[in-house]
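Source file: target_7.json. Holds: JSON, C-alpha atoms and all ligand atoms.
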[["chain", "number", "residue", "atom", "x", "y", "z"],
["A", 1, "MET", "CA", -20.18, 25.65, -0.21],
["A", 2, "ASN", "CA", -21.22, 26.79, -3.63],
["A", 3, "GLU", "CA", -22.49, 23.61, -5.23],
["A", 4, "GLN", "CA", -26.06, 22.50, -5.50],
["A", 5, "SER", "CA", -27.05, 19.22, -7.07],
["A", 6, "SER", "CA", -30.35, 18.29, -8.60],
["A", 7, "TYR", "CA", -29.52, 14.60, -8.13],
["A", 8, "VAL", "CA", -32.10, 12.59, -6.22],
["A", 9, "PRO", "CA", -31.12, 8.94, -5.57],
["A", 10, "GLU", "CA", -33.46, 6.41, -7.16],
["A", 11, "LYS", "CA", -35.37, 4.07, -4.90],
["A", 12, "ILE", "CA", -33.12, 1.19, -5.87],
["A", 13, "TRP", "CA", -29.54, 1.80, -7.02],
["A", 14, "LYS", "CA", -28.67, 0.55, -10.51],
["A", 15, "TRP", "CA", -25.23, -0.17, -11.92],
["A", 16, "GLU", "CA", -24.39, 2.44, -14.56],
["A", 17, "ARG", "CA", -21.45, 0.80, -16.27],
["A", 18, "GLU", "CA", -19.83, 3.99, -17.52],
["A", 19, "ASN", "CA", -20.08, 6.68, -14.89],
["A", 20, "GLY", "CA", -16.97, 8.51, -16.11],
["A", 21, "GLY", "CA", -14.92, 7.79, -13.00],
["A", 22, "ARG", "CA", -11.25, 6.89, -13.30],
["A", 23, "PHE", "CA", -11.88, 3.30, -12.21],
["A", 24, "ALA", "CA", -15.22, 2.81, -13.98],
["A", 25, "LYS", "CA", -13.77, 0.01, -16.11],
["A", 26, "ILE", "CA", -12.66, -2.15, -13.18],
["A", 27, "ASN", "CA", -15.09, -1.27, -10.37],
["A", 28, "ARG", "CA", -18.10, -3.56, -10.12],
["A", 29, "PRO", "CA", -20.84, -4.09, -7.55],
["A", 30, "ILE", "CA", -20.42, -7.87, -7.55],
["A", 31, "ALA", "CA", -17.68, -10.14, -6.23],
["A", 32, "GLY", "CA", -16.20, -13.24, -7.85],
["A", 33, "SER", "CA", -14.02, -13.94, -10.85],
["A", 34, "THR", "CA", -14.46, -12.66, -14.39],
["A", 35, "HIS", "CA", -12.10, -15.14, -16.03],
["A", 36, "ASP", "CA", -10.09, -18.32, -15.42],
["A", 37, "LYS", "CA", -6.44, -17.74, -14.70],
["A", 38, "GLU", "CA", -4.08, -19.73, -12.48],
["A", 39, "LEU", "CA", -1.54, -17.82, -10.45],
["A", 40, "PRO", "CA", 2.12, -18.52, -11.22],
["A", 41, "ILE", "CA", 4.20, -20.10, -8.44],
["A", 42, "GLY", "CA", 7.93, -19.46, -8.12],
["A", 43, "LYS", "CA", 10.66, -21.19, -6.15],
["A", 44, "HIS", "CA", 10.53, -19.29, -2.86],
["A", 45, "PRO", "CA", 8.48, -19.98, 0.31],
["A", 46, "MET", "CA", 6.58, -16.69, -0.04],
["A", 47, "GLN", "CA", 4.56, -15.99, -3.16],
["A", 48, "LEU", "CA", 3.31, -12.43, -3.33],
["A", 49, "TYR", "CA", 0.70, -11.26, -5.85],
["A", 50, "SER", "CA", 0.71, -7.51, -5.76],
["A", 51, "LEU", "CA", 1.33, -4.11, -7.33],
["A", 52, "GLY", "CA", 3.56, -1.24, -6.24],
["A", 53, "THR", "CA", 0.79, 0.85, -4.69],
["A", 54, "PRO", "CA", 1.04, 1.91, -1.01],
["A", 55, "ASN", "CA", -0.87, -1.21, 0.11],
["A", 56, "GLY", "CA", 1.46, -3.42, -1.92],
["A", 57, "VAL", "CA", 4.62, -1.59, -0.85],
["A", 58, "LYS", "CA", 3.89, -2.19, 2.85],
["A", 59, "VAL", "CA", 4.48, -5.89, 2.30],
["A", 60, "THR", "CA", 7.54, -5.65, 0.04],
["A", 61, "ILE", "CA", 9.16, -3.28, 2.57],
["A", 62, "LEU", "CA", 8.63, -5.84, 5.34],
["A", 63, "LEU", "CA", 9.93, -8.72, 3.20],
["A", 64, "GLU", "CA", 13.03, -6.72, 2.28],
["A", 65, "GLU", "CA", 13.56, -5.72, 5.93],
["A", 66, "LEU", "CA", 13.30, -9.38, 7.00],
["A", 67, "LEU", "CA", 15.79, -10.42, 4.34],
["A", 68, "ALA", "CA", 18.11, -7.60, 5.46],
["A", 69, "LEU", "CA", 18.07, -9.23, 8.91],
["A", 70, "GLY", "CA", 19.28, -12.45, 7.28],
["A", 71, "ILE", "CA", 15.93, -14.29, 7.55],
["A", 72, "ASP", "CA", 16.07, -16.60, 4.52],
["A", 73, "GLY", "CA", 12.55, -17.93, 5.09],
["A", 74, "ALA", "CA", 11.28, -14.54, 3.90],
["A", 75, "GLU", "CA", 12.64, -15.10, 0.38],
["A", 76, "TYR", "CA", 9.88, -14.31, -2.04],
["A", 77, "ASP", "CA", 8.66, -14.14, -5.59],
["A", 78, "ALA", "CA", 6.62, -11.02, -6.29],
["A", 79, "TRP", "CA", 4.23, -11.31, -9.21],
["A", 80, "MET", "CA", 2.59, -8.34, -10.81],
["A", 81, "ILE", "CA", -1.19, -8.05, -10.62],
["A", 82, "THR", "CA", -2.18, -5.27, -13.00],
["A", 83, "ILE", "CA", -5.42, -4.03, -11.49],
["A", 84, "GLY", "CA", -6.12, -1.68, -14.41],
["A", 85, "ASP", "CA", -6.33, -4.79, -16.63],
["A", 86, "GLY", "CA", -8.57, -6.64, -14.15],
["A", 87, "ASP", "CA", -5.99, -9.27, -13.07],
["A", 88, "GLN", "CA", -7.48, -9.14, -9.56],
["A", 89, "PHE", "CA", -10.62, -10.79, -10.94],
["A", 90, "GLY", "CA", -8.81, -13.89, -12.26],
["A", 91, "SER", "CA", -9.96, -17.17, -10.67],
["A", 92, "GLY", "CA", -6.54, -17.93, -9.15],
["A", 93, "PHE", "CA", -6.27, -14.51, -7.56],
["A", 94, "ILE", "CA", -9.77, -14.78, -6.11],
["A", 95, "GLU", "CA", -8.71, -18.07, -4.50],
["A", 96, "ALA", "CA", -5.89, -16.15, -2.79],
["A", 97, "ASN", "CA", -8.09, -13.16, -1.96],
["A", 98, "PRO", "CA", -11.87, -13.39, -2.32],
["A", 99, "ASN", "CA", -11.94, -9.59, -1.91],
["A", 100, "SER", "CA", -10.06, -9.24, -5.25],
["A", 101, "LYS", "CA", -7.62, -6.57, -4.14],
["A", 102, "ILE", "CA", -3.84, -6.57, -3.94],
["A", 103, "PRO", "CA", -1.79, -7.54, -2.00],
["A", 104, "ALA", "CA", -2.32, -11.29, -1.52],
["A", 105, "LEU", "CA", 0.27, -13.67, -0.09],
["A", 106, "MET", "CA", 0.48, -17.43, -0.43],
["A", 107, "ASP", "CA", 2.76, -18.83, 2.26],
["A", 108, "HIS", "CA", 4.16, -22.15, 0.99],
["A", 109, "SER", "CA", 6.60, -22.61, 3.86],
["A", 110, "SER", "CA", 4.81, -25.41, 5.67],
["A", 111, "GLY", "CA", 3.16, -28.06, 3.51],
["A", 112, "THR", "CA", -0.32, -26.86, 2.62],
["A", 113, "PRO", "CA", -0.13, -23.30, 1.29],
["A", 114, "VAL", "CA", -1.69, -20.69, 3.57],
["A", 115, "ARG", "CA", -3.45, -17.73, 1.98],
["A", 116, "VAL", "CA", -3.26, -14.31, 3.63],
["A", 117, "PHE", "CA", -5.06, -11.24, 2.33],
["A", 118, "GLU", "CA", -5.46, -7.66, 3.64],
["A", 119, "SER", "CA", -2.10, -5.92, 3.92],
["A", 120, "GLY", "CA", -2.36, -5.52, 7.70],
["A", 121, "ALA", "CA", -2.98, -9.25, 8.14],
["A", 122, "ILE", "CA", -0.02, -10.02, 5.88],
["A", 123, "LEU", "CA", 2.28, -7.77, 7.94],
["A", 124, "LEU", "CA", 1.13, -9.42, 11.15],
["A", 125, "HIS", "CA", 1.44, -12.93, 9.70],
["A", 126, "LEU", "CA", 5.04, -12.33, 8.61],
["A", 127, "ALA", "CA", 6.06, -10.42, 11.76],
["A", 128, "GLU", "CA", 4.74, -13.22, 13.99],
["A", 129, "LYS", "CA", 6.15, -15.96, 11.83],
["A", 130, "PHE", "CA", 9.66, -14.51, 11.84],
["A", 131, "ASP", "CA", 9.45, -12.91, 15.27],
["A", 132, "ALA", "CA", 10.57, -9.52, 14.02],
["A", 133, "PHE", "CA", 9.34, -5.92, 13.87],
["A", 134, "LEU", "CA", 6.58, -6.64, 16.42],
["A", 135, "PRO", "CA", 7.36, -5.87, 20.07],
["A", 136, "LYS", "CA", 7.21, -8.89, 22.35],
["A", 137, "ASP", "CA", 6.18, -7.21, 25.60],
["A", 138, "PRO", "CA", 2.38, -6.94, 25.95],
["A", 139, "SER", "CA", 2.22, -3.15, 26.11],
["A", 140, "GLY", "CA", 4.59, -2.65, 23.16],
["A", 141, "ARG", "CA", 2.66, -5.23, 21.15],
["A", 142, "ALA", "CA", -0.66, -3.55, 21.98],
["A", 143, "GLU", "CA", 0.74, -0.16, 20.91],
["A", 144, "CYS", "CA", 2.06, -1.63, 17.65],
["A", 145, "LEU", "CA", -1.21, -3.38, 16.80],
["A", 146, "SER", "CA", -3.17, -0.24, 17.70],
["A", 147, "TRP", "CA", -1.23, 1.83, 15.16],
["A", 148, "LEU", "CA", -1.35, -0.96, 12.58],
["A", 149, "PHE", "CA", -5.13, -1.11, 12.85],
["A", 150, "TRP", "CA", -5.27, 2.70, 13.00],
["A", 151, "GLN", "CA", -3.71, 2.73, 9.56],
["A", 152, "MET", "CA", -6.06, 0.09, 8.17],
["A", 153, "GLY", "CA", -9.10, 1.96, 9.49],
["A", 154, "SER", "CA", -7.97, 5.52, 8.74],
["A", 155, "THR", "CA", -6.51, 5.27, 5.27],
["A", 156, "PRO", "CA", -9.75, 4.62, 3.39],
["A", 157, "TYR", "CA", -10.61, 8.24, 4.29],
["A", 158, "LEU", "CA", -7.33, 9.31, 2.72],
["A", 159, "GLY", "CA", -7.44, 7.08, -0.38],
["A", 160, "GLY", "CA", -11.07, 6.29, -1.08],
["A", 161, "GLY", "CA", -12.25, 9.63, 0.32],
["A", 162, "PHE", "CA", -9.83, 12.52, -0.11],
["A", 163, "GLY", "CA", -7.64, 11.06, -2.88],
["A", 164, "HIS", "CA", -10.63, 9.98, -4.90],
["A", 165, "PHE", "CA", -12.47, 13.28, -4.81],
["A", 166, "TYR", "CA", -9.38, 15.53, -5.02],
["A", 167, "ASN", "CA", -7.59, 13.61, -7.75],
["A", 168, "TYR", "CA", -9.71, 11.04, -9.55],
["A", 169, "ALA", "CA", -13.35, 12.20, -9.60],
["A", 170, "PRO", "CA", -14.38, 13.43, -13.06],
["A", 171, "PHE", "CA", -15.36, 16.81, -11.54],
["A", 172, "LYS", "CA", -14.51, 18.58, -8.30],
["A", 173, "ILE", "CA", -17.15, 18.56, -5.57],
["A", 174, "GLU", "CA", -16.31, 21.08, -2.86],
["A", 175, "TYR", "CA", -18.41, 19.35, -0.20],
["A", 176, "CYS", "CA", -16.52, 16.04, -0.61],
["A", 177, "ILE", "CA", -13.05, 17.59, -0.87],
["A", 178, "ASP", "CA", -13.71, 19.73, 2.23],
["A", 179, "ARG", "CA", -15.01, 16.85, 4.25],
["A", 180, "TYR", "CA", -12.10, 14.54, 3.51],
["A", 181, "ALA", "CA", -9.37, 17.23, 3.57],
["A", 182, "MET", "CA", -10.53, 18.04, 7.11],
["A", 183, "GLU", "CA", -10.26, 14.39, 8.17],
["A", 184, "VAL", "CA", -6.90, 13.79, 6.48],
["A", 185, "LYS", "CA", -5.43, 16.91, 8.11],
["A", 186, "ARG", "CA", -6.70, 15.66, 11.44],
["A", 187, "GLN", "CA", -4.98, 12.32, 10.80],
["A", 188, "LEU", "CA", -1.72, 14.07, 9.87],
["A", 189, "ASP", "CA", -1.96, 16.02, 13.12],
["A", 190, "VAL", "CA", -2.52, 12.79, 15.07],
["A", 191, "LEU", "CA", 0.68, 11.40, 13.56],
["A", 192, "ASP", "CA", 2.62, 14.63, 13.96],
["A", 193, "ARG", "CA", 1.81, 14.99, 17.65],
["A", 194, "HIS", "CA", 2.68, 11.35, 18.29],
["A", 195, "LEU", "CA", 5.96, 11.57, 16.39],
["A", 196, "ALA", "CA", 6.95, 14.70, 18.31],
["A", 197, "ASP", "CA", 7.57, 12.43, 21.30],
["A", 198, "ASN", "CA", 8.45, 9.18, 19.55],
["A", 199, "GLN", "CA", 11.18, 8.34, 17.07],
["A", 200, "TYR", "CA", 8.97, 5.70, 15.46],
["A", 201, "MET", "CA", 5.28, 4.89, 15.83],
["A", 202, "CYS", "CA", 6.02, 2.55, 18.74],
["A", 203, "GLY", "CA", 8.76, 4.54, 20.41],
["A", 204, "ALA", "CA", 12.38, 3.59, 19.86],
["A", 205, "ASP", "CA", 11.58, 0.45, 17.84],
["A", 206, "TYR", "CA", 10.93, 0.46, 14.10],
["A", 207, "THR", "CA", 7.96, -1.89, 13.60],
["A", 208, "ILE", "CA", 5.29, -3.06, 11.17],
["A", 209, "ALA", "CA", 3.24, -0.03, 12.28],
["A", 210, "ASP", "CA", 5.79, 2.26, 10.59],
["A", 211, "MET", "CA", 5.83, -0.01, 7.54],
["A", 212, "ALA", "CA", 2.04, 0.21, 7.27],
["A", 213, "ILE", "CA", 1.77, 3.98, 7.79],
["A", 214, "TRP", "CA", 4.79, 5.24, 5.83],
["A", 215, "PRO", "CA", 3.74, 4.11, 2.33],
["A", 216, "TRP", "CA", 0.55, 6.16, 2.65],
["A", 217, "TYR", "CA", 1.19, 9.16, 4.88],
["A", 218, "GLY", "CA", 4.90, 9.43, 4.02],
["A", 219, "ALA", "CA", 3.96, 9.37, 0.33],
["A", 220, "LEU", "CA", 1.38, 12.10, 0.95],
["A", 221, "VAL", "CA", 3.95, 14.34, 2.65],
["A", 222, "LEU", "CA", 6.48, 13.64, -0.14],
["A", 223, "ASN", "CA", 3.81, 14.55, -2.73],
["A", 224, "ARG", "CA", 3.96, 11.09, -4.27],
["A", 225, "VAL", "CA", 0.21, 10.49, -4.06],
["A", 226, "TYR", "CA", -2.61, 12.73, -5.30],
["A", 227, "GLY", "CA", -0.35, 15.80, -5.81],
["A", 228, "ALA", "CA", -1.89, 17.20, -2.64],
["A", 229, "ALA", "CA", 1.09, 18.07, -0.40],
["A", 230, "GLU", "CA", 0.69, 21.80, -0.97],
["A", 231, "PHE", "CA", -3.11, 21.74, -0.70],
["A", 232, "LEU", "CA", -2.87, 19.98, 2.67],
["A", 233, "ASP", "CA", 0.13, 22.08, 3.77],
["A", 234, "ALA", "CA", 1.97, 18.83, 4.42],
["A", 235, "GLY", "CA", 5.28, 20.62, 4.96],
["A", 236, "SER", "CA", 3.94, 22.11, 8.20],
["A", 237, "TYR", "CA", 3.83, 18.70, 9.94],
["A", 238, "GLU", "CA", 7.40, 18.92, 11.15],
["A", 239, "HIS", "CA", 7.68, 15.63, 13.03],
["A", 240, "MET", "CA", 5.89, 13.69, 10.28],
["A", 241, "ASN", "CA", 8.43, 15.07, 7.82],
["A", 242, "ARG", "CA", 11.35, 14.06, 10.04],
["A", 243, "TRP", "CA", 9.99, 10.50, 10.38],
["A", 244, "THR", "CA", 9.14, 10.30, 6.65],
["A", 245, "ASP", "CA", 12.69, 11.22, 5.65],
["A", 246, "GLU", "CA", 14.28, 8.88, 8.17],
["A", 247, "ILE", "CA", 12.31, 5.86, 7.00],
["A", 248, "GLY", "CA", 12.69, 6.74, 3.33],
["A", 249, "GLN", "CA", 16.47, 6.47, 3.68],
["A", 250, "ARG", "CA", 16.42, 2.81, 4.71],
["A", 251, "ALA", "CA", 17.89, 0.55, 2.01],
["A", 252, "ALA", "CA", 15.14, -2.07, 2.47],
["A", 253, "VAL", "CA", 12.48, 0.61, 2.07],
["A", 254, "ARG", "CA", 14.08, 1.80, -1.16],
["A", 255, "ARG", "CA", 14.12, -1.77, -2.48],
["A", 256, "GLY", "CA", 10.58, -2.49, -1.30],
["A", 257, "ARG", "CA", 9.30, 0.58, -3.15],
["A", 258, "MET", "CA", 10.67, -0.70, -6.45],
["A", 259, "VAL", "CA", 8.95, -4.08, -6.39],
["A", 260, "ASN", "CA", 5.90, -4.48, -8.66],
["A", 261, "LYS", "CA", 6.13, -0.80, -9.54],
["A", 262, "ALA", "CA", 4.48, 0.06, -12.82],
["A", 263, "SER", "CA", 4.97, 3.82, -12.99],
["A", 264, "GLY", "CA", 7.72, 6.41, -12.61],
["A", 265, "PRO", "CA", 11.28, 6.18, -14.00],
["A", 266, "LEU", "CA", 11.94, 2.79, -15.60],
["A", 267, "GLU", "CA", 15.11, 2.27, -13.56],
["A", 268, "GLU", "CA", 12.97, 2.36, -10.38],
["A", 269, "GLN", "CA", 10.54, -0.29, -11.61],
["A", 270, "LEU", "CA", 11.24, -3.88, -10.69],
["A", 271, "ARG", "CA", 8.06, -5.28, -12.16],
["A", 272, "GLU", "CA", 8.64, -8.79, -10.81],
["A", 273, "ARG", "CA", 11.06, -9.82, -8.10],
["A", 274, "HIS", "CA", 12.37, -13.38, -7.95],
["A", 275, "ASP", "CA", 15.84, -12.95, -6.50],
["A", 276, "ALA", "CA", 17.83, -10.44, -4.45],
["A", 277, "SER", "CA", 20.09, -9.98, -7.45],
["A", 278, "ASP", "CA", 17.16, -8.58, -9.47],
["A", 279, "PHE", "CA", 17.83, -5.22, -7.81],
["A", 280, "GLU", "CA", 21.40, -5.17, -9.10],
["A", 281, "SER", "CA", 20.34, -4.89, -12.73],
["A", 282, "LYS", "CA", 18.17, -1.94, -11.70],
["A", 283, "THR", "CA", 21.19, -0.27, -10.07],
["A", 284, "GLN", "CA", 22.98, -0.67, -13.40],
["A", 285, "ASP", "CA", 19.97, 0.86, -15.22],
["A", 286, "LYS", "CA", 20.13, 3.79, -12.79],
["A", 287, "ILE", "CA", 23.82, 4.39, -13.47],
["A", 288, "GLU", "CA", 23.16, 4.27, -17.21],
["A", 289, "ALA", "CA", 20.14, 6.61, -16.91],
["A", 290, "ALA", "CA", 22.22, 9.09, -14.88],
["A", 291, "GLY", "CA", 24.98, 8.90, -17.51],
["A", 292, "ALA", "CA", 22.49, 9.56, -20.31],
["A", 293, "SER", "CA", 20.95, 12.64, -18.72],
["B", 1, "LIG", "N1", -7.69, -3.07, 2.83],
["B", 1, "LIG", "C1", -6.99, -3.62, 1.71],
["B", 1, "LIG", "C2", -7.06, -2.65, 0.56],
["B", 1, "LIG", "C3", -6.41, -3.18, -0.68],
["B", 1, "LIG", "C4", -6.69, -2.30, -1.89],
["B", 1, "LIG", "O1", -7.53, -1.40, -1.86],
["B", 1, "LIG", "N2", -6.00, -2.60, -2.98],
["B", 1, "LIG", "C5", -6.22, -1.85, -4.21],
["B", 1, "LIG", "C6", -4.91, -1.30, -4.75],
["B", 1, "LIG", "S1", -4.09, -0.30, -3.57],
["B", 1, "LIG", "C7", -6.79, -2.78, -5.28],
["B", 1, "LIG", "O2", -6.35, -3.91, -5.40],
["B", 1, "LIG", "N3", -7.74, -2.31, -6.07],
["B", 1, "LIG", "C8", -8.31, -3.07, -7.13],
["B", 1, "LIG", "C9", -9.81, -3.02, -7.14],
["B", 1, "LIG", "O3", -10.39, -2.32, -6.30],
["B", 1, "LIG", "O4", -10.40, -3.66, -8.02],
["B", 1, "LIG", "C10", -5.54, -3.91, 2.09],
["B", 1, "LIG", "O5", -4.99, -3.12, 2.87],
["B", 1, "LIG", "O6", -4.98, -4.92, 1.65]]
File written out as structure tokens:
Amino acid sequence: MNEQSSYVPEKIWKWERENGGRFAKINRPIAGSTHDKELPIGKHPMQLYSLGTPNGVKVTILLEELLALGIDGAEYDAWMITIGDGDQFGSGFIEANPNSKIPALMDHSSGTPVRVFESGAILLHLAEKFDAFLPKDPSGRAECLSWLFWQMGSTPYLGGGFGHFYNYAPFKIEYCIDRYAMEVKRQLDVLDRHLADNQYMCGADYTIADMAIWPWYGALVLNRVYGAAEFLDAGSYEHMNRWTDEIGQRAAVRRGRMVNKASGPLEEQLRERHDASDFESKTQDKIEAAGAS
């Protein structure tokens, strides 16, 4: 530790609008909407309002996996919520998710639309509804829900803790980076030890627990988030790497990763998804991009 700070918190915290942080323009200490804006509604039973971040990708992977099983009820429209522009504070989005964070799902399949927010709740809602990717026997189900909730509880230390201070904070604070690097490495070791004896998070079955964990911890290992794979020595988690590669090769996972994506190569960005055929034009873009390079 080589940093000392002269900062002494005031008696009562005040909102400094510009604190220099990466998300200073959208973060606020109050809930509620900033503007009126209805959400669009497409033709499919499932209306997803999201963005291609790890929390958003969990849901599009599950929807694509359900469709790959031939479950037509999982057909969906995926609308882009650009959080950098504050779309999550529109009145319609707040009606779908009062917590103003993506992803939010409106399930129109049975009369009155049902809102579901929090990515873990959305995965569970869809898995139960379509009776897929969630073990039926009580012990398998308990194991699956345990890992699902493990992800929901653990990842804020990875994203809001480590990722924020390592990648986004306007200056590096050794104390914070140390504290969260330690915890994230512990989490990677938890996963690695478990995956040494299990093909997937719940044994032989690929479940919503894998779909929740992979977009975060797989992305970390693949150096797709925070540019921290080397810093965390992610390559040393052998079983995590095996699992990451195996899941990454699934066609539905590849499709799910493209939906609502707003960064990376253009041919991998399907900004809105309204039909299975939307991916085909992207395949054509990919062929053309490969030809051009
Ligand atoms: N626990 C929530 C977290 C969702 C979340 O943090 N979403 C981020 C993007 S990954 C977001 O919408 N941020 C916008 C904001 O904080 O204003 C979930 O899993 O659904």
Between atom CA of A:Asp36 and atom CA of A:Ile122, what is the distance in Å, rounded to a tenth?
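Spanning atom CA of A:Asp36 to atom CA of A:Ile122 is a straight-line distance of 25.0 Å.
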Give as a list in words every residue, naming chains and numbers as the document does, that has an atom within 10 Å of (9.0, 0.7, 8.5), counting only C-alpha atoms.
Lys58, Ile61, Leu62, Glu65, Phe133, Tyr200, Met201, Asp205, Tyr206, Thr207, Ile208, Ala209, Asp210, Met211, Ala212, Ile213, Trp214, Pro215, Thr244, Glu246, Ile247, Gly248, Arg250, Ala252 and Val253 of chain A
Would you mind exporting C-alpha atoms of the selected residues as a JSON list (two decimals), in the frame of the given file?
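Written output follows (again_27.json):
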[["chain", "number", "residue", "atom", "x", "y", "z"],
["A", 58, "LYS", "CA", 3.89, -2.19, 2.85],
["A", 61, "ILE", "CA", 9.16, -3.28, 2.57],
["A", 62, "LEU", "CA", 8.63, -5.84, 5.34],
["A", 65, "GLU", "CA", 13.56, -5.72, 5.93],
["A", 133, "PHE", "CA", 9.34, -5.92, 13.87],
["A", 200, "TYR", "CA", 8.97, 5.70, 15.46],
["A", 201, "MET", "CA", 5.28, 4.89, 15.83],
["A", 205, "ASP", "CA", 11.58, 0.45, 17.84],
["A", 206, "TYR", "CA", 10.93, 0.46, 14.10],
["A", 207, "THR", "CA", 7.96, -1.89, 13.60],
["A", 208, "ILE", "CA", 5.29, -3.06, 11.17],
["A", 209, "ALA", "CA", 3.24, -0.03, 12.28],
["A", 210, "ASP", "CA", 5.79, 2.26, 10.59],
["A", 211, "MET", "CA", 5.83, -0.01, 7.54],
["A", 212, "ALA", "CA", 2.04, 0.21, 7.27],
["A", 213, "ILE", "CA", 1.77, 3.98, 7.79],
["A", 214, "TRP", "CA", 4.79, 5.24, 5.83],
["A", 215, "PRO", "CA", 3.74, 4.11, 2.33],
["A", 244, "THR", "CA", 9.14, 10.30, 6.65],
["A", 246, "GLU", "CA", 14.28, 8.88, 8.17],
["A", 247, "ILE", "CA", 12.31, 5.86, 7.00],
["A", 248, "GLY", "CA", 12.69, 6.74, 3.33],
["A", 250, "ARG", "CA", 16.42, 2.81, 4.71],
["A", 252, "ALA", "CA", 15.14, -2.07, 2.47],
["A", 253, "VAL", "CA", 12.48, 0.61, 2.07]]
Name the residues in contact with A:Ile41 at a cut-off of 9 Å, using only C-alpha atoms, excluding same-chain residues fewer than 6 positions from it; report them as a ChimeraX atom specification.
/A:47,77,79
So the first atom is atom CA of A:Ala196 and the second is atom CA of A:Gly256; what is the distance between them in Å, to one decimal place?
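Here the two named atoms are 26.3 Å from each other.
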Build an axis-aligned box that encloses every atom of ligand LIG 1 (chain B) listed in the file, pad it by 3 Å on each side, and report its centre and edge lengths in Å to one decimal, as lines of an AutoDock Vina configuration file.
center_x = -7.2
center_y = -2.6
center_z = -2.6
size_x = 12.3
size_y = 10.6
size_z = 16.9
Once you count all atoms listed in the file, which residues end up within 7 Å of ligand LIG 1 (chain B), and could you hand them over as a list in words?
Ile26, Asn27, Thr53, Pro54, Asn55, Gly56, Ile83, Gln88, Ser100, Lys101, Ile102, Pro103, Phe117, Glu118, Ser119, Gly120 and Met152 of chain A
Using Å and a single decimal, report how far atom CA of A:Ser33 sits from atom CA of A:Phe89.
4.6 Å
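Proximity ranking of A:Ile94, A:Cys202, A:Gln269, A:Gly218 relative to A:Asp137 places A:Cys202 first, based on only C-alpha atoms.
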Determine, counting all atoms listed in the file, which protein, DNA and RNA residues have an atom within 8 Å of an atom of A:Ala262; residues of the same chain fewer than 5 positions away are not included. Present the result as number ranges by chain.
A: 51-52, 269, 271
Prev. selection, C-alpha atoms, output as a JSON list (two decimals), in the coordinates of the input:
[["chain", "number", "residue", "atom", "x", "y", "z"],
["A", 51, "LEU", "CA", 1.33, -4.11, -7.33],
["A", 52, "GLY", "CA", 3.56, -1.24, -6.24],
["A", 269, "GLN", "CA", 10.54, -0.29, -11.61],
["A", 271, "ARG", "CA", 8.06, -5.28, -12.16]]
Nearby residues (all atoms listed in the file) at most 9 Å from stretch 155-158 of chain A, same-chain spacing under 3 positions excluded, as a VMD selection string
chain A and resid 150 to 152 161 to 164 180 to 181 183 to 184 187 213 216 to 217
Residue with smallest distance to A:Leu105 - pool A:Leu270, A:Ala219, A:Leu123, A:Ile173, counting all atoms listed in the file
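Between A:Leu270, A:Ala219, A:Leu123, A:Ile173, the residue approaching A:Leu105 most closely is A:Leu123.
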